[in-house]
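Student: Pasting a structure here, questions to come.
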Amino acid sequence: MRKKSSISRWIILTFTGILFLSLALSAVSSFLEIRSTSENSSDRSMSSCAEMIRSFLSGWDPDTSIVPPGYESVREVQKDLGALCAGFDLDLLYVYAPGPGPNDRDCLMYASRGLGTIPLVRRLYAWQNVTGGLLPEMEQALLRGARGLQKGELTGPNGRDILWLSAIRGDNGEVRAFIAMSRSLHLFRKEIRHRFLMDFAPFLVSLLLGLVLLLVQVNRYIVLPIHQISNSMILFSVDSRSPPAPLSLPPLREIAEIAASYKKMTGDISSYVRNIELLTQERLETSVELEIARRIQTGLVPEKITLRGDGFLMSAMTSPAKTIGGDFYDCFRQPDGSVCVFMGDVSGEGISAALYMAIVRTVMHEKLMAGLSPADTLNQTNRELCARNPAGFFVTAFVAVMDPRTGRVLYANAGHTFPVLLGETPTLLMPDPGIALGLFDDIQIREETLTLAPGEGILLYTDGITEAANTDRVFFGTERLTEAVRGASCMDRNGTDGATCTLLSVSRAVHDFCYGNEQQDDMAALALLRESPASPAPVSSSDGVPSGPGTF
Amino acid sequence: MTIEKNISGGSAVLSLTGWLDSQSAPELGQAVEALGPGITSLVLDLTGLEYTASAGIRQIVSAYKQMNGALTLRNVSPEVMDVLNMTGLGKKLHIEQS
C-alpha cells in the first residue's frame with residue numbers, strides 16, 4: 001500500500017517551498033541591483049552626483065581658501081561629501097587638479113564613505129601607479145573638450161573598481177579640476193550580500209517560528225483529536241452495542257462538530273445493533289414457532305397422502321406459498337362406508353390463514369363425521385363462521401361424498417374452484433357456484449349429485465393452481481389443467497397409482513408453465529378415483545407416495 | 001394498484017386500476033375506511049382492474065358490509081367477474097355493466 005502523507009509533512013513541505021521561493025526572489029532582486037551598478041542608470045546618477053559636487057565647490061579658489069565658500073571648516077566639507085558618498089554608493093571621491101609634472105595630481109579634496117574623519121591634506125600624488133593608463137586617458141578625453149562623464153573599469157587590489165571622471169571647467173571651458181568618483185564592485189557586492197542577509201534573516205526566523213508554532217497547534221488541535229476519534233472508532237467496531245466512552249477533545253468548533261456527529265452516529269449504530277440483535281432473536285424464535293406450526297399443519301393436512309380402499313383411490317398434495325398456508329383438504333370414510341373428501345381455501349396466506357384453516361377444517365370434519373350431508377355441512381359451518389369472524393376471513397370449500405359401491409357422489413360447493421371430472425376426456429364440472437363461507441349468514445348452498453363409473457374420478461384443487469402465473473403474468477387456467485390430466489388417471493404404471501399420476505401431471509405442468517416465477521399462492525390438489533369394487537387392497541398409508549417433482 | 005377517489009354528497013366512487021392482490025388489498029380497505037360515516041353508498045369502478053385475489057374479495061365484502069349493502073361494482077372485467085362468480089359473490093353484489 002502507498003504510504004500516506006501526514007498533515008505535518010504537507011505543512012513542512014509548503015513552508016520549505018515558501019522559503020525557497022522567497023530566497024530565490026530576493027537573490028534575483030539582489031542580482032539585479034548588483035547588475036544595475038554598472039549600467040547606464042548608474043551613470044546618470046553619477047552625473048547628478050558630479051553636478052552636486054560642482055555646486056558645492058562653485059566659486060572656490062583652492063589657492064586662496066582651504067574650504068569652499070559657505071563652509072567654516074574642512075570637517076564640515078568632508079561630512080557633506082561623506083554623505084554624498086553614502087548616498088551614491090561611492091567608496092571614494094576626489095577633487096583634484098593637474099599637477100606640475102605630467103603624472104602629478106594636485107589633490108584638492110577627498111572623501112570616502114568609511115573614512116570620513118581622515119583629515120584633508122592638499123598634496124601632490126603620482127597617480128599613474130594606481131590607475132595605470134586608464135586615468136590619463138579619461139583625463140585626456142576631458143581635456144580635449146569631451147562633455148559629460150567619462151567611465152572606466154580597472155582592477156585594483158580589492159577586485160574590480162568602476163571609476164567615473166567629470167571635469168570642473170572655468171569660464172572659458174578650460175579644465176580647472178577633475179572630480180573622480182570610484183566604486184568598488186567587490187565592496188558593493190559584499191554590502192548587498194550583507195544587506196540581503198540582514199533583510200532575510202528576520203524573515204527566515206519568523207518563518208521558522210511560524211512553522212514550529214503551526215506544527216504544534218495542528219498536532220494538538222487536529223492530529224491528536226483525529227487519532228483519538230480513530231482509536232475510539234476501532235474500539236467501537238469491536239463492540240458496537242454500547243456507545244464509546246466520551247472523548248476529551250480541544251474546544252474547537254470544527255472538532256466539536258465532528259465529535260458531535262461521531263457521538264450521534266455511534267449512538268444510532270449501537271441502538272440499531274441492539275435492535276438487530278433483538279430482531280434476530282425474535283426471528284429465530286418465530287422461525288422455531290413457525291416450524292412447529294408447520295408440523296402441526298402437516299399433521300392436519302399432510303403434504304402428500306395416498307389412500308386406497310375398497311372401490312376408491314385418493315391422492316392429495318399441498319404446497320404452501322409460505323411455510324404454512326390456508327389451503328386444506330381432508331379424506332376419510334363416514335360410518336356408513338361412504339368416502340368423504342373436501343377441499344378448502346382460506347382467503348389470505350401465512351399464519352393467520354393457517355390458524356383459520358385449522359378451525360374450519362375441524363368444524364367441517366366433525367359435521368361430516370356426524371353424518372351431515374355436504375350442503376348441510378357447508379351451511380352450518382357458514383353460520384358458525386359468520387358468528388365469529390372479526391378479521392373478515394372467508395373460506396371457499398367443495399365437499400364430495402362418494403358411495404364406492406354405486407359411484408354416486410353427493411357434492412356441494414361454497415364458492416370454490418370448479419372440480420375437473422377425470423376420465424377418458426377430462427371436463428370441468430359446472431356445479432352451482434354457491435357462495436364462500438364466512439361472508440353472509442343468510443346463504444343457502446345447494447346439494448347436487450353425479451355418478452362416477454369405475455376409472456372415473458374427480459379432481460379438487462385450489463385457485464393457487466389455476467391462478468399460478470408465468471413470468472408474463474398469464475394464468476395457468478382451467479384449460480391447461482384439464483389438458484394436463486388427460487389420460488393420467490388411467491396410467492397406474494411403474495407402481496404409481498392413477499390418482500398420484502394425475503397429481504404429478506398437474507404438478508409438472510404447473511411447474512413447467514411457471515418456470516422462473518416464484519410461487520405466489522398456496523396450492524393444493526386432491527384426486528378421488530372410483531375403482532372396481534373387486535380391488536381387494538386395504539387402505540394404505542402415505543408411505544407409498546413416490547418422490548420426484550411431486551410437489552407444487 | 002392505484003385508487004382514484006370521487007365524492008359527491010353521500011356517495012363515493014373509487015376507481016381501481018391494476019392488480020388487487022394480497023399486497024395491495026389493504027390499500028382498498030384503508031380507502032373505504034377513510035370515507036367516514038358521511039358516505040352511505042359506494043361505487044367501485046373496476047374498469048381498470050385486471051385481477052383480484054381472495055384478499056381483494058375480502059375487502060370488497062367488507063366494503064359491502066360497511067355500506068350496509070349499498071355497494072355497486074361497475075364495469076367488472078371478465079377475469080374479475082369469473083372470480084366473483086366462482087366465489088358466489090356475483091349474485092350477492094350489485095353489479096353494473098355499461
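Letters A, B, ... mark the chains of the C-alpha cells in the order given; residue numbers begin at 1 per chain; ligand numbers begin at 1, in order shown.
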Using only C-alpha atoms, what table do you get, as JSON lines, when you list each residue of chain A with an atom no more than 9 Å from chain B, its nearest pair of atoms, and their distance in Å rounded to one decimal, rows by chain then rising number?

Tutor:
{"residue": "A:Val346", "atom": "CA", "partner": "B:Ser54", "partner_atom": "CA", "distance": 8.4}
{"residue": "A:Ser347", "atom": "CA", "partner": "B:Ser54", "partner_atom": "CA", "distance": 5.1}
{"residue": "A:Gly348", "atom": "CA", "partner": "B:Ala55", "partner_atom": "CA", "distance": 5.7}
{"residue": "A:Glu349", "atom": "CA", "partner": "B:Ser22", "partner_atom": "CA", "distance": 8.5}
{"residue": "A:Gly392", "atom": "CA", "partner": "B:Arg58", "partner_atom": "CA", "distance": 6.6}
{"residue": "A:Phe393", "atom": "CA", "partner": "B:Arg58", "partner_atom": "CA", "distance": 6.8}
{"residue": "A:Phe394", "atom": "CA", "partner": "B:Arg58", "partner_atom": "CA", "distance": 7.1}
{"residue": "A:Thr396", "atom": "CA", "partner": "B:Thr87", "partner_atom": "CA", "distance": 6.8}
{"residue": "A:Ala414", "atom": "CA", "partner": "B:Thr87", "partner_atom": "CA", "distance": 7.0}
{"residue": "A:Gly415", "atom": "CA", "partner": "B:Thr87", "partner_atom": "CA", "distance": 3.4}
{"residue": "A:His416", "atom": "CA", "partner": "B:Thr87", "partner_atom": "CA", "distance": 6.0}
{"residue": "A:Thr417", "atom": "CA", "partner": "B:Met86", "partner_atom": "CA", "distance": 6.3}
{"residue": "A:Phe418", "atom": "CA", "partner": "B:Met86", "partner_atom": "CA", "distance": 7.8}
{"residue": "A:Asp432", "atom": "CA", "partner": "B:Gly88", "partner_atom": "CA", "distance": 8.8}
{"residue": "A:Pro433", "atom": "CA", "partner": "B:Gly88", "partner_atom": "CA", "distance": 5.5}
{"residue": "A:Gly434", "atom": "CA", "partner": "B:Gly88", "partner_atom": "CA", "distance": 5.2}
{"residue": "A:Ile435", "atom": "CA", "partner": "B:Gly88", "partner_atom": "CA", "distance": 3.8}
{"residue": "A:Ala436", "atom": "CA", "partner": "B:Thr87", "partner_atom": "CA", "distance": 5.2}
{"residue": "A:Leu439", "atom": "CA", "partner": "B:Val61", "partner_atom": "CA", "distance": 7.0}

Student: Run DSSP on the backbone and tell me which residues of stretch 143-272 of chain A come out as strand (DSSP E or B); list them as a list in words.

Tutor: Gln150, Lys151, Gly152, Glu153, Leu154, Thr155, Gly156, Gly159, Arg160, Asp161, Ile162, Leu163, Trp164, Leu165, Ser166, Ala167, Ile168, Arg169, Val175, Arg176, Ala177, Phe178, Ile179, Ala180, Met181, Ser182, Arg183 and Ser184 of chain A

Student: Extract the full set of alpha helix (DSSP H) residues from stretch 38-68 of chain B according to DSSP on the backbone, and format it as a list in words.

Tutor: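 The residues of stretch 38-68 of chain B classed as alpha helix (DSSP H) are Ser54, Ala55, Gly56, Ile57, Arg58, Gln59, Ile60, Val61, Ser62, Ala63, Tyr64, Lys65 and Gln66 of chain B.
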
Student: I want to know what sits within 10 Å of stretch 8-14 of chain B, based on only C-alpha atoms, with residues of the same chain fewer than 2 positions away left out; could you give that as a VMD selection string?

Tutor: chain B and resid 2 to 6 16 to 17 28 31 to 32 35 37 to 46 70 to 74

Student: If you measure from atom CA of A:Leu526 to atom CA of A:Arg446, what distance in Å do you get, rounded to one decimal?

Tutor: 22.0 Å

Student: So the first atom is atom CA of A:Tyr71 and the second is atom CA of A:Phe56; what is the distance between them in Å, to one decimal place?

Tutor: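 Value for the atom CA of A:Tyr71-atom CA of A:Phe56 distance: 9.6 Å.
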
Student: Write out as number ranges by chain which residues come within 8 Å of stretch 88-95 of chain A when counting only C-alpha atoms, dropping same-chain ones fewer than 4 positions away.

Tutor: A: 45-46, 49, 81, 84, 107-114, 177-184, 188

Student: Work out how far apart atom CA of A:Val205 and atom CA of A:Arg189 are and give it in Å to one decimal.

Tutor: 23.8 Å

Student: Please provide as number ranges by chain all residues within 7 Å of stretch 249-265 of chain A, with the sequence filter that same-chain residues fewer than 3 positions apart are discarded (counting only C-alpha atoms).

Tutor: A: 221, 225, 268-269

Student: Fewer than 3 positions away in the same chain doesn't count, so skip those; otherwise give me all residues within 6 Å of A:Ser338, counting only C-alpha atoms, as a PyMOL selection string.

Tutor: chain A and resi 333-334+402-403

Student: Please produce a file of the residues just selected, as a PDB file, in the first residue's frame, where the atoms kept are all heavy atoms.

Tutor:
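Generated output (selection-v6.pdb):
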ATOM      1  N   ARG A 333     -63.521 -41.973   5.767  1.00  0.00           N
ATOM      2  CA  ARG A 333     -64.751 -42.727   5.477  1.00  0.00           C
ATOM      3  C   ARG A 333     -65.762 -42.430   6.560  1.00  0.00           C
ATOM      4  O   ARG A 333     -65.446 -42.409   7.748  1.00  0.00           O
ATOM      5  CB  ARG A 333     -64.449 -44.223   5.426  1.00  0.00           C
ATOM      6  CG  ARG A 333     -63.482 -44.541   4.312  1.00  0.00           C
ATOM      7  CD  ARG A 333     -63.353 -46.030   4.103  1.00  0.00           C
ATOM      8  NE  ARG A 333     -64.434 -46.533   3.274  1.00  0.00           N
ATOM      9  CZ  ARG A 333     -64.361 -47.673   2.598  1.00  0.00           C
ATOM     10  NH1 ARG A 333     -63.285 -48.424   2.684  1.00  0.00           N
ATOM     11  NH2 ARG A 333     -65.372 -48.085   1.860  1.00  0.00           N
ATOM     12  N   GLN A 334     -66.989 -42.177   6.098  1.00  0.00           N
ATOM     13  CA  GLN A 334     -68.058 -41.936   7.064  1.00  0.00           C
ATOM     14  C   GLN A 334     -68.469 -43.295   7.650  1.00  0.00           C
ATOM     15  O   GLN A 334     -68.156 -44.341   7.095  1.00  0.00           O
ATOM     16  CB  GLN A 334     -69.235 -41.253   6.376  1.00  0.00           C
ATOM     17  CG  GLN A 334     -68.957 -39.769   6.130  1.00  0.00           C
ATOM     18  CD  GLN A 334     -70.082 -39.089   5.384  1.00  0.00           C
ATOM     19  OE1 GLN A 334     -70.651 -39.649   4.454  1.00  0.00           O
ATOM     20  NE2 GLN A 334     -70.414 -37.882   5.807  1.00  0.00           N
ATOM     21  N   MET A 402     -68.759 -39.880  -1.705  1.00  0.00           N
ATOM     22  CA  MET A 402     -68.996 -40.891  -2.733  1.00  0.00           C
ATOM     23  C   MET A 402     -69.301 -42.244  -2.080  1.00  0.00           C
ATOM     24  O   MET A 402     -68.632 -42.649  -1.133  1.00  0.00           O
ATOM     25  CB  MET A 402     -67.755 -41.029  -3.621  1.00  0.00           C
ATOM     26  CG  MET A 402     -67.890 -42.117  -4.670  1.00  0.00           C
ATOM     27  SD  MET A 402     -66.437 -42.227  -5.735  1.00  0.00           S
ATOM     28  CE  MET A 402     -65.381 -43.250  -4.739  1.00  0.00           C
ATOM     29  N   ASP A 403     -70.308 -42.877  -2.638  1.00  0.00           N
ATOM     30  CA  ASP A 403     -70.568 -44.263  -2.228  1.00  0.00           C
ATOM     31  C   ASP A 403     -69.773 -45.142  -3.180  1.00  0.00           C
ATOM     32  O   ASP A 403     -70.078 -45.216  -4.367  1.00  0.00           O
ATOM     33  CB  ASP A 403     -72.077 -44.553  -2.338  1.00  0.00           C
ATOM     34  CG  ASP A 403     -72.394 -45.960  -1.829  1.00  0.00           C
ATOM     35  OD1 ASP A 403     -71.449 -46.797  -1.772  1.00  0.00           O
ATOM     36  OD2 ASP A 403     -73.554 -46.201  -1.489  1.00  0.00           O
TER      37      ASP A 403
END

Student: Using only C-alpha atoms, which protein or nucleic acid residues come within 9 Å of A:Ile351? Drop anything in the same chain fewer than 6 positions from it, and give the result as a VMD selection string.

Tutor: chain A and resid 290 293 322 to 326

Student: Which residue is closest to B:Leu49? Choose from B:Ile95, B:Met81, B:Leu20, B:Ile7 and count only C-alpha atoms.

Tutor: B:Leu20

Student: With only C-alpha atoms as the atoms that count, which of A:Val273, A:Leu437, A:Leu279, A:Ile53 lies nearest to A:Ser240?

Tutor: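 Selected residue with least distance to A:Ser240: A:Val273.
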